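Raw coords_21.cif, mmCIF, C-alpha atoms:
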```
data_protein
#
loop_
_atom_site.label_atom_id
_atom_site.label_comp_id
_atom_site.auth_asym_id
_atom_site.auth_seq_id
_atom_site.Cartn_x
_atom_site.Cartn_y
_atom_site.Cartn_z
CA MET K 1 2.15 -19.87 15.08
CA PRO K 2 0.08 -17.47 12.97
CA ARG K 3 -0.06 -13.85 14.08
CA ARG K 4 -3.48 -12.82 15.36
CA LEU K 5 -4.88 -10.00 13.21
CA LEU K 6 -7.69 -7.54 13.94
CA ILE K 7 -9.02 -5.39 11.07
CA LEU K 8 -10.75 -2.09 11.83
CA GLY K 9 -12.66 -0.68 8.87
CA SER K 10 -12.90 -4.06 7.16
CA THR K 11 -15.75 -3.10 4.80
CA GLY K 12 -13.78 -0.27 3.16
CA SER K 13 -11.36 -0.57 0.25
CA ILE K 14 -8.25 -1.22 2.38
CA GLY K 15 -10.05 -3.65 4.65
CA THR K 16 -11.56 -5.74 1.85
CA GLN K 17 -8.21 -5.94 0.04
CA ALA K 18 -6.56 -7.04 3.29
CA LEU K 19 -9.13 -9.82 3.67
CA ASP K 20 -8.43 -10.98 0.11
CA LEU K 21 -4.72 -11.14 0.93
CA LEU K 22 -5.52 -13.03 4.12
CA THR K 23 -6.93 -15.91 2.10
CA ARG K 24 -3.48 -16.34 0.52
CA SER K 25 -1.53 -16.35 3.79
CA ASP K 26 -1.00 -19.02 6.42
CA ASP K 27 0.87 -16.54 8.63
CA LEU K 28 -2.18 -14.62 9.87
CA GLU K 29 -5.28 -15.58 11.87
CA LEU K 30 -8.24 -13.18 11.87
CA VAL K 31 -9.64 -12.48 15.36
CA GLY K 32 -11.95 -9.48 14.87
CA LEU K 33 -13.56 -7.05 12.43
CA SER K 34 -15.17 -3.63 12.59
CA ALA K 35 -16.94 -1.05 10.43
CA GLN K 36 -18.53 2.35 10.78
CA SER K 37 -22.13 1.49 9.86
CA SER K 38 -22.05 -1.11 7.05
CA TRP K 39 -23.36 -3.93 9.21
CA GLU K 40 -24.57 -6.29 6.48
CA PRO K 41 -21.20 -6.75 4.72
CA LEU K 42 -19.49 -6.85 8.12
CA VAL K 43 -21.69 -9.74 9.28
CA GLU K 44 -21.04 -11.50 5.97
CA GLN K 45 -17.29 -11.13 6.51
CA ALA K 46 -17.57 -12.44 10.09
CA ARG K 47 -19.41 -15.52 8.89
CA ARG K 48 -16.99 -16.09 6.02
CA PHE K 49 -13.90 -15.96 8.25
CA GLY K 50 -15.39 -17.48 11.39
CA VAL K 51 -14.86 -14.40 13.54
CA GLY K 52 -16.66 -14.37 16.89
CA ARG K 53 -16.48 -10.66 17.74
CA ILE K 54 -17.25 -7.56 15.69
CA ALA K 55 -17.83 -3.85 16.38
CA LEU K 56 -19.76 -1.07 14.67
CA ALA K 57 -19.13 2.57 15.48
CA ASP K 58 -22.77 3.38 14.70
CA PRO K 59 -24.91 2.05 17.61
CA ASP K 60 -28.03 1.75 15.43
CA ALA K 61 -26.14 -0.38 12.90
CA ALA K 62 -24.74 -2.47 15.74
CA GLY K 63 -28.28 -3.11 16.98
CA ARG K 64 -29.36 -4.34 13.55
CA ALA K 65 -26.28 -6.56 13.30
CA ALA K 66 -26.98 -8.10 16.72
CA GLU K 67 -30.51 -8.98 15.61
CA LYS K 68 -29.34 -10.77 12.47
CA TRP K 69 -26.06 -12.28 13.69
CA THR K 70 -26.25 -14.46 16.77
CA GLU K 71 -23.06 -16.46 16.24
CA GLY K 72 -20.91 -13.97 18.16
CA GLU K 73 -20.71 -10.70 20.07
CA VAL K 74 -21.47 -7.24 18.61
CA LEU K 75 -19.87 -4.20 20.25
CA ASP K 76 -20.99 -0.65 19.51
CA GLY K 77 -19.83 2.94 19.51
CA PRO K 78 -16.31 4.37 19.93
CA GLU K 79 -16.01 2.52 23.24
CA GLY K 80 -16.89 -0.71 21.46
CA LEU K 81 -14.05 -0.22 18.99
CA VAL K 82 -11.62 0.27 21.86
CA GLU K 83 -13.01 -2.76 23.71
CA LEU K 84 -12.62 -4.83 20.55
CA VAL K 85 -8.94 -3.87 20.36
CA VAL K 86 -8.16 -4.38 24.04
CA GLY K 87 -9.97 -7.72 24.32
CA SER K 88 -8.95 -9.19 20.97
CA GLY K 89 -5.66 -10.79 21.96
CA ALA K 90 -4.34 -9.50 18.62
CA ASP K 91 -0.66 -9.33 17.74
CA LEU K 92 -1.37 -6.87 14.92
CA VAL K 93 -4.16 -4.36 14.30
CA LEU K 94 -4.87 -2.96 10.84
CA ASN K 95 -6.52 0.42 11.41
CA ALA K 96 -8.28 1.29 8.14
CA LEU K 97 -10.92 3.53 9.69
CA VAL K 98 -11.58 6.85 7.96
CA GLY K 99 -11.04 10.19 9.68
CA SER K 100 -10.28 11.20 13.25
CA ALA K 101 -12.49 8.34 14.51
CA GLY K 102 -9.39 6.19 14.06
CA LEU K 103 -7.40 7.96 16.78
CA GLY K 104 -9.01 6.21 19.78
CA PRO K 105 -8.39 2.69 18.43
CA THR K 106 -4.82 3.70 17.49
CA VAL K 107 -4.15 4.83 21.05
CA ALA K 108 -5.74 1.66 22.43
CA THR K 109 -3.64 -0.52 20.12
CA LEU K 110 -0.32 1.11 20.92
CA GLY K 111 -1.20 1.42 24.61
CA GLU K 112 -1.58 -2.37 24.72
CA GLY K 113 1.80 -2.78 23.03
CA ILE K 114 0.17 -4.23 19.89
CA ASP K 115 1.82 -3.62 16.53
CA LEU K 116 -0.17 -1.26 14.32
CA ALA K 117 -0.58 -1.41 10.53
CA LEU K 118 -1.76 2.15 10.02
CA ALA K 119 -3.95 3.18 7.09
CA ASN K 120 -5.67 5.87 9.16
CA LYS K 121 -3.34 8.80 8.51
CA GLU K 122 -5.45 11.07 10.71
CA SER K 123 -4.14 9.22 13.78
CA LEU K 124 -0.71 10.70 13.17
CA VAL K 125 -2.00 14.01 11.85
CA VAL K 126 -4.13 14.61 14.94
CA GLY K 127 -2.18 12.63 17.55
CA GLY K 128 1.29 13.36 16.21
CA GLU K 129 4.02 13.26 18.81
CA LEU K 130 1.76 11.71 21.48
CA VAL K 131 1.07 8.69 19.26
CA VAL K 132 4.76 8.23 18.42
CA GLN K 133 5.75 8.60 22.08
CA LEU K 134 3.18 5.99 23.07
CA ALA K 135 4.57 3.52 20.52
CA GLN K 136 8.10 4.12 21.81
CA ALA K 137 6.98 3.66 25.41
CA THR K 138 5.31 0.30 24.78
CA GLY K 139 7.66 -0.97 22.06
CA ALA K 140 4.86 -1.36 19.52
CA GLN K 141 5.67 -0.94 15.83
CA ILE K 142 3.82 1.47 13.53
CA LEU K 143 3.81 0.03 10.00
CA PRO K 144 2.48 2.47 7.39
CA VAL K 145 -0.12 1.28 4.87
CA ASP K 146 -0.21 4.39 2.66
CA SER K 147 1.58 3.49 -0.57
CA GLU K 148 3.93 6.48 -0.27
CA HIS K 149 4.90 5.85 3.33
CA ALA K 150 5.25 2.11 2.84
CA ALA K 151 7.62 2.94 -0.02
CA LEU K 152 9.67 5.31 2.15
CA HIS K 153 9.67 2.80 5.02
CA GLN K 154 11.19 0.21 2.70
CA LEU K 155 13.73 2.69 1.29
CA LEU K 156 14.84 3.82 4.75
CA ALA K 157 14.99 0.39 6.42
CA GLY K 158 18.31 -0.03 8.22
CA ARG K 159 19.57 3.48 7.38
CA ARG K 160 20.90 5.93 9.93
CA ALA K 161 19.09 9.29 10.19
CA GLY K 162 22.21 11.17 9.07
CA GLU K 163 22.30 9.28 5.77
CA VAL K 164 19.05 10.77 4.51
CA ASP K 165 18.86 14.37 3.32
CA ARG K 166 15.32 14.70 1.92
CA LEU K 167 12.13 12.72 1.38
CA THR K 168 9.79 13.15 -1.58
CA ILE K 169 6.16 12.04 -1.65
CA THR K 170 4.54 11.72 -5.06
CA ALA K 171 0.99 12.76 -5.97
CA SER K 172 -1.07 11.70 -8.98
CA GLY K 173 -2.49 15.21 -9.09
CA GLY K 174 -6.06 13.96 -8.77
CA PRO K 175 -8.84 14.65 -11.27
CA PHE K 176 -7.96 18.35 -11.60
CA ARG K 177 -4.24 18.13 -12.35
CA GLY K 178 -3.23 21.09 -14.53
CA HIS K 179 -6.32 23.13 -13.62
CA LYS K 180 -5.90 26.72 -12.48
CA ARG K 181 -7.83 28.13 -9.54
CA ALA K 182 -10.38 29.79 -11.83
CA ASP K 183 -11.03 26.42 -13.50
CA LEU K 184 -12.18 24.98 -10.17
CA GLU K 185 -15.14 27.32 -9.81
CA GLY K 186 -18.27 25.25 -10.20
CA VAL K 187 -16.66 21.81 -9.79
CA THR K 188 -19.32 19.16 -9.12
CA VAL K 189 -19.19 16.29 -6.65
CA ASP K 190 -19.16 13.73 -9.48
CA GLN K 191 -16.20 15.47 -11.13
CA ALA K 192 -14.27 15.56 -7.85
CA LEU K 193 -14.94 11.86 -7.22
CA ALA K 194 -13.55 10.80 -10.63
CA HIS K 195 -10.00 9.94 -9.56
CA PRO K 196 -7.72 8.94 -12.46
CA THR K 197 -5.67 6.31 -10.63
CA TRP K 198 -7.06 5.02 -7.33
CA ALA K 199 -10.46 3.65 -6.28
CA MET K 200 -11.13 5.04 -2.79
CA GLY K 201 -13.94 6.14 -0.51
CA GLY K 202 -15.65 9.52 -0.89
CA LYS K 203 -13.78 11.49 1.78
CA ILE K 204 -10.35 10.22 0.75
CA THR K 205 -11.10 10.86 -2.93
CA ILE K 206 -12.08 14.48 -2.25
CA ASP K 207 -8.89 14.90 -0.19
CA SER K 208 -7.02 13.73 -3.27
CA ALA K 209 -8.87 16.23 -5.47
CA THR K 210 -7.95 19.14 -3.15
CA LEU K 211 -4.43 17.72 -2.51
CA MET K 212 -5.22 17.76 1.21
CA ASN K 213 -4.25 14.07 1.20
CA LYS K 214 -0.68 15.06 0.35
CA GLY K 215 -0.67 17.68 3.09
CA LEU K 216 -1.76 15.04 5.59
CA GLU K 217 0.90 12.69 4.22
CA ILE K 218 3.59 15.33 4.81
CA MET K 219 2.59 15.37 8.48
CA GLU K 220 2.46 11.58 8.57
CA ALA K 221 5.97 11.32 7.11
CA HIS K 222 7.26 13.88 9.60
CA HIS K 223 6.08 11.77 12.54
CA LEU K 224 6.87 8.35 11.09
CA PHE K 225 10.42 9.12 10.02
CA GLY K 226 11.37 12.07 12.26
CA THR K 227 12.12 14.22 9.20
CA PRO K 228 11.79 18.02 9.53
CA TYR K 229 9.03 19.59 7.44
CA GLU K 230 11.46 21.64 5.39
CA ARG K 231 13.05 18.41 4.15
CA ILE K 232 9.83 16.76 2.93
CA ASP K 233 8.75 17.54 -0.64
CA VAL K 234 5.67 16.78 -2.73
CA VAL K 235 5.90 16.35 -6.50
CA VAL K 236 3.07 15.63 -8.93
CA HIS K 237 3.67 12.40 -10.87
CA PRO K 238 0.61 11.49 -12.98
CA GLN K 239 1.75 7.95 -13.86
CA SER K 240 1.82 6.97 -10.15
CA ILE K 241 4.75 4.61 -10.77
CA VAL K 242 7.25 6.24 -8.38
CA HIS K 243 5.71 6.13 -4.90
CA GLY K 244 8.50 7.64 -2.84
CA LEU K 245 12.01 9.04 -3.14
CA ALA K 246 14.78 9.29 -0.57
CA VAL K 247 17.70 11.60 -1.32
CA LEU K 248 20.84 10.57 0.55
CA ALA K 249 23.52 12.80 2.01
CA ASP K 250 25.84 12.10 -0.94
CA GLY K 251 23.21 13.30 -3.44
CA ALA K 252 22.17 9.85 -4.63
CA ALA K 253 18.41 9.25 -4.77
CA LEU K 254 16.64 5.98 -4.07
CA ALA K 255 13.18 5.51 -5.60
CA HIS K 256 10.45 2.94 -4.97
CA LEU K 257 8.65 2.05 -8.21
CA GLY K 258 5.71 -0.17 -9.07
CA HIS K 259 2.28 -0.17 -10.66
CA PRO K 260 -0.31 1.52 -8.42
CA ASP K 261 -1.75 -1.34 -6.37
CA MET K 262 -2.57 -0.91 -2.67
CA ARG K 263 -2.17 -4.64 -2.06
CA VAL K 264 1.60 -4.14 -2.11
CA ALA K 265 1.55 -1.64 0.76
CA ILE K 266 -1.08 -3.60 2.70
CA SER K 267 0.87 -6.85 2.40
CA TYR K 268 4.11 -5.11 3.40
CA ALA K 269 2.50 -3.85 6.63
CA LEU K 270 0.72 -7.12 7.45
CA HIS K 271 3.99 -9.03 7.10
CA GLU K 272 6.01 -6.63 9.27
CA GLY K 273 8.03 -5.03 6.51
CA GLU K 274 8.69 -8.19 4.51
CA SER K 275 7.97 -8.57 0.79
CA VAL K 276 5.90 -11.68 0.07
CA ASP K 277 4.15 -12.99 -3.01
CA VAL K 278 1.27 -10.70 -4.01
CA PRO K 279 -0.79 -11.21 -7.20
CA THR K 280 0.30 -7.96 -8.82
CA ARG K 281 1.71 -7.06 -12.23
CA SER K 282 5.49 -6.73 -12.41
CA LEU K 283 6.87 -3.41 -13.59
CA SER K 284 8.35 -3.12 -17.08
CA LEU K 285 10.08 0.23 -17.63
CA ALA K 286 10.03 -0.29 -21.39
CA GLU K 287 6.26 -0.72 -21.22
CA VAL K 288 5.83 2.39 -19.08
CA ALA K 289 8.12 4.25 -21.52
CA SER K 290 8.21 7.62 -19.75
CA LEU K 291 7.75 9.14 -16.31
CA THR K 292 6.91 12.80 -15.80
CA PHE K 293 6.99 15.10 -12.78
CA GLU K 294 5.54 18.53 -12.04
CA GLU K 295 5.55 21.08 -9.23
CA ALA K 296 2.35 21.20 -7.19
CA ASP K 297 0.22 24.32 -7.77
CA HIS K 298 -0.31 25.84 -4.33
CA ASP K 299 -2.53 28.61 -5.68
CA ALA K 300 -5.05 26.22 -7.23
CA PHE K 301 -4.72 23.74 -4.35
CA PRO K 302 -4.20 25.76 -1.14
CA CYS K 303 -4.98 22.76 1.10
CA LEU K 304 -1.43 21.54 0.55
CA ARG K 305 -0.04 24.84 1.85
CA LEU K 306 -2.48 24.97 4.75
CA ALA K 307 -1.54 21.47 5.89
CA ARG K 308 2.19 22.18 5.81
CA GLU K 309 1.68 25.43 7.74
CA ALA K 310 -0.43 23.62 10.35
CA GLY K 311 2.23 20.95 10.70
CA VAL K 312 4.96 23.54 11.22
CA ALA K 313 2.79 25.43 13.74
CA GLY K 314 2.29 22.20 15.68
CA GLY K 315 0.26 21.97 18.87
CA THR K 316 -3.46 21.78 18.18
CA ALA K 317 -3.16 23.24 14.64
CA PRO K 318 -3.04 19.87 12.80
CA CYS K 319 -6.06 18.68 14.82
CA VAL K 320 -7.99 21.85 13.94
CA LEU K 321 -7.05 21.53 10.26
CA ASN K 322 -8.15 17.89 10.14
CA ALA K 323 -11.48 18.55 11.87
CA ALA K 324 -12.25 21.55 9.65
CA ASN K 325 -11.38 19.52 6.57
CA GLU K 326 -13.70 16.67 7.57
CA VAL K 327 -16.57 19.12 8.13
CA ALA K 328 -15.92 20.99 4.87
CA VAL K 329 -15.61 17.81 2.78
CA HIS K 330 -18.83 16.46 4.28
CA ALA K 331 -20.58 19.72 3.39
CA PHE K 332 -19.22 19.56 -0.17
CA LEU K 333 -20.31 15.95 -0.64
CA GLY K 334 -23.74 16.93 0.66
CA GLY K 335 -24.03 19.77 -1.86
CA ARG K 336 -23.94 22.45 0.86
CA LEU K 337 -20.53 23.92 -0.01
CA GLY K 338 -18.64 24.53 -3.23
CA PHE K 339 -15.30 22.91 -4.01
CA LEU K 340 -13.29 26.09 -3.35
CA GLY K 341 -15.23 26.50 -0.13
CA ILE K 342 -13.28 23.56 1.33
CA PRO K 343 -9.93 25.39 1.70
CA ALA K 344 -11.80 28.60 2.58
CA VAL K 345 -13.48 26.93 5.57
CA ILE K 346 -10.20 25.33 6.68
CA GLU K 347 -8.18 28.56 6.48
CA ALA K 348 -10.82 30.59 8.31
CA THR K 349 -11.09 27.95 11.05
CA LEU K 350 -7.32 28.00 11.58
CA GLU K 351 -7.41 31.79 11.80
CA ARG K 352 -10.14 31.70 14.46
CA LEU K 353 -8.45 28.94 16.47
CA PRO K 354 -4.71 29.61 16.80
CA ALA K 355 -2.48 26.68 17.75
CA GLY K 356 -2.46 25.81 21.42
CA PRO K 357 -0.31 23.34 23.39
CA VAL K 358 -1.10 19.61 23.50
CA ARG K 359 -0.41 18.16 26.91
CA ALA K 360 -2.66 15.08 26.66
CA PHE K 361 -5.08 13.40 24.29
CA GLU K 362 -7.90 15.27 26.06
CA SER K 363 -6.48 18.51 24.59
CA LEU K 364 -7.02 17.06 21.13
CA ILE K 365 -10.60 16.01 21.88
CA GLU K 366 -11.46 19.56 22.93
CA ALA K 367 -9.65 21.12 19.94
CA ASP K 368 -11.44 18.74 17.58
CA ARG K 369 -14.86 19.59 19.06
CA GLU K 370 -14.26 23.35 18.93
CA ALA K 371 -12.91 23.19 15.37
CA ARG K 372 -15.95 21.24 14.17
CA ASP K 373 -18.30 23.81 15.67
CA VAL K 374 -16.43 26.71 14.06
CA ALA K 375 -16.04 24.95 10.71
CA GLY K 376 -19.74 24.06 10.63
CA GLU K 377 -20.65 27.68 11.21
CA LEU K 378 -18.23 28.84 8.50
CA ALA K 379 -19.48 26.23 6.02
CA ARG K 380 -22.97 27.68 6.40
CA GLU K 381 -21.64 31.23 5.92
CA LEU K 382 -19.58 30.24 2.86
CA ALA K 383 -22.19 27.99 1.28
CA GLY K 384 -21.92 29.73 -2.09
CA VAL K 385 -18.12 29.69 -2.43
CA GLY K 386 -17.06 27.68 -5.48
CA ALA K 387 -20.54 26.23 -5.92
CA PRO K 388 -21.59 24.92 -9.36
#
```
Written as structure tokens, how would this file's structure read?
Amino acid sequence: MPRRLLILGSTGSIGTQALDLLTRSDDLELVGLSAQSSWEPLVEQARRFGVGRIALADPDAAGRAAEKWTEGEVLDGPEGLVELVVGSGADLVLNALVGSAGLGPTVATLGEGIDLALANKESLVVGGELVVQLAQATGAQILPVDSEHAALHQLLAGRRAGEVDRLTITASGGPFRGHKRADLEGVTVDQALAHPTWAMGGKITIDSATLMNKGLEIMEAHHLFGTPYERIDVVVHPQSIVHGLAVLADGAALAHLGHPDMRVAISYALHEGESVDVPTRSLSLAEVASLTFEEADHDAFPCLRLAREAGVAGGTAPCVLNAANEVAVHAFLGGRLGFLGIPAVIEATLERLPAGPVRAFESLIEADREARDVAGELARELAGVGAP
């Protein structure tokens, strides 16, 4: 029988690519869809795939959808997303929501013992050990959708923990690779959104430009694979051909290579770690000709350092970092904060809110709220930092 699939964030890049792959597979049956506020494309998707239940995180958008779409049920708000998960009867949930809004549905999915294809890295950044413990308690799998973590998952499959010495995550370097800190004064939103390799949403693209995405991926790898922070590296690789590297105890290194195409990672997660036919271009090393690697510049891109430090500090620090980053990126995209103001807001927020213990998910909700208040205040104070 086909596995029943629920897609959260179906109108975004990951979600739409997953739906395209779904049309090529007889192994999956779609049972639900959700989006943040893009109700028109969501309704179109529901009609196309015959889905009877959808959810929108934005209640106003949900109201508009309910007026126009009478063929099924429309749920709304964060509670609606959770209700969609719990009542879906899904065997697998693809969580492609953006930001910390993905944590609640992740907890609901794993709490129900449903396997999770995770594209929402913030779930592990914010939820960390609690999310992993929940998966272990219910026996649910977490299958990474990030290209780097899907690569590492494939490299590490069937290996004992003692066999692996180090993990390396690669970074394209974003639109400002090779720039010094002084070069980043006056960066515009359009410049920061011009990613050289990947087509992504605004927030994720800015995270790539600041290298915060790699800092979040370090934390994600730590929780997914149980690897200590000091044994996780980041290297800049502009060709984006090598997606992950595992160095074994004997010094040998295993690399996962392929043209940059998110459909590979999405398909791998949707098919529970199996490689199936995907309409992608095969890799020819002769055609690629050369691969280059560089150290990341922590002075020009302090977000990478801040994320690692927050991960090592543990407790509420990753949650505070993530919340401050979301606020700062939103302010930058809105023209209220300069590019270099993003790490400035994050660092100042972490200084004001030292790491505290996390005893339950409620601790994270409070830390997230407090961090957003502080970061918002700081963003207003630092409005001129790094502005064009």
Checklist line | Near-region 225-229 of chain K list (9 Å; all atoms listed in the file; drop same-chain fewer than 5 positions) as JSON, numbers by chain | finding: {"K": [152, 153, 156, 161, 165, 166, 167, 218, 219, 220, 308, 311, 312]}
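The result of the PyMOL selection byres ((chain K and resi 12) around 9) on the shown file is Gly9, Ser10, Thr11, Ser13, Ile14, Gly15, Thr16, Gln17, Ala35, Ala96, Leu97, Val98, Met200 and Gly201 of chain K.
Our summary of the geometry notes that CA of Val31 (chain K) is positioned 7.4 Å from CA of Gly52 (chain K).
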Checklist line | For Ala90 (chain K): contacts at 12 Å, only C-alpha atoms, fewer than 4 positions along chain excluded, given as a list in words | finding: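 So, after excluding close chain neighbours, the residues are Pro2, Arg3, Arg4, Leu5, Leu6, Ile7, Leu8, Leu28, Glu29, Leu30, Val31, Gly32, Leu33, Leu84, Val85, Val86, Leu94, Ala108, Thr109, Leu110, Glu112, Gly113, Ile114, Asp115 and Leu116 of chain K.
Restricting the calculation to all atoms listed in the file, the smallest distance between Thr205 (chain K) and any of K:Gly186, K:Pro318, K:Gly174, K:Pro41 is found for K:Gly174.
For the atom pair formed by CA of Ser123 (chain K) and CA of Ser275 (chain K), the distance is 25.1 Å, given to one decimal.
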Item checked: the PyMOL selection byres ((chain K and resi 122) around 10) resolved against shown file, as a list of chain:residue names -> K:Leu97, K:Val98, K:Gly99, K:Ser100, K:Ala101, K:Gly102, K:Leu103, K:Leu118, K:Ala119, K:Asn120, K:Lys121, K:Ser123, K:Leu124, K:Val125, K:Val126, K:Gly127, K:Gly128, K:Leu216, K:Glu217, K:Met219, K:Glu220, K:Pro318, K:Cys319, K:Asn322, K:Ala323
Next item on the list: Translate the PyMOL selection byres ((chain K and resi 371-379) around 9), as applied to the file shown, into an explicit residue set as a ChimeraX atom specification.
Entry: /K:319-328,331,336-337,341-342,344-346,348-350,352-353,366-370,380-383
Write the residues you've just listed into a file as a short mmCIF file (atom, residue, chain, number, x, y, z; two decimals), keeping the file's coordinate frame, and include C-alpha atoms for each of them.
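This went into part22.cif:
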```cif
data_model
loop_
_atom_site.label_atom_id
_atom_site.label_comp_id
_atom_site.auth_asym_id
_atom_site.auth_seq_id
_atom_site.Cartn_x
_atom_site.Cartn_y
_atom_site.Cartn_z
CA CYS K 319 -6.06 18.68 14.82
CA VAL K 320 -7.99 21.85 13.94
CA LEU K 321 -7.05 21.53 10.26
CA ASN K 322 -8.15 17.89 10.14
CA ALA K 323 -11.48 18.55 11.87
CA ALA K 324 -12.25 21.55 9.65
CA ASN K 325 -11.38 19.52 6.57
CA GLU K 326 -13.70 16.67 7.57
CA VAL K 327 -16.57 19.12 8.13
CA ALA K 328 -15.92 20.99 4.87
CA ALA K 331 -20.58 19.72 3.39
CA ARG K 336 -23.94 22.45 0.86
CA LEU K 337 -20.53 23.92 -0.01
CA GLY K 341 -15.23 26.50 -0.13
CA ILE K 342 -13.28 23.56 1.33
CA ALA K 344 -11.80 28.60 2.58
CA VAL K 345 -13.48 26.93 5.57
CA ILE K 346 -10.20 25.33 6.68
CA ALA K 348 -10.82 30.59 8.31
CA THR K 349 -11.09 27.95 11.05
CA LEU K 350 -7.32 28.00 11.58
CA ARG K 352 -10.14 31.70 14.46
CA LEU K 353 -8.45 28.94 16.47
CA GLU K 366 -11.46 19.56 22.93
CA ALA K 367 -9.65 21.12 19.94
CA ASP K 368 -11.44 18.74 17.58
CA ARG K 369 -14.86 19.59 19.06
CA GLU K 370 -14.26 23.35 18.93
CA ARG K 380 -22.97 27.68 6.40
CA GLU K 381 -21.64 31.23 5.92
CA LEU K 382 -19.58 30.24 2.86
CA ALA K 383 -22.19 27.99 1.28
#
```
Item checked: Distance of CA of Leu257 (chain K) from CA of His243 (chain K), expressed in Å to one decimal place -> 6.0 Å
Check: Using all atoms listed in the file, which of the listed residues (K:Val82, K:Val145, K:Ala192, K:Ala252) sits closest to Val164 (chain K)?
Finding: K:Ala252
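Of the residues under consideration (K:Leu364, K:Ala140, K:Val242, K:Leu248), K:Leu364 shows the shortest atom-to-atom contact distance to Ala317 (chain K) when counting all atoms listed in the file.
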Next item on the list: Would you please work out which residue, of K:Pro78, K:Gly173, K:Gly244, K:Pro59, is nearest to Leu155 (chain K) when using only C-alpha atoms?
Entry: K:Gly244
Notebook entry, point to check: Pick from K:Ala296, K:Leu143, K:Ala65, K:Leu291: nearest to Ile169 (chain K), with all atoms listed in the file counted?
Noted result: K:Ala296
Note to self: Taking only C-alpha atoms into account, name the residue in K:Asp233, K:Glu362, K:Asp60, K:Asp299 that is nearest to Ser38 (chain K).
What the structure shows: K:Asp60
Next item on the list: Counting only C-alpha atoms, note down every residue that has an atom within 9 Å of the point (-18.9, -1.5, 17.9) (file coordinates), as a PyMOL selection string.
Entry: chain K and resi 34-36+54-59+61-62+74-84
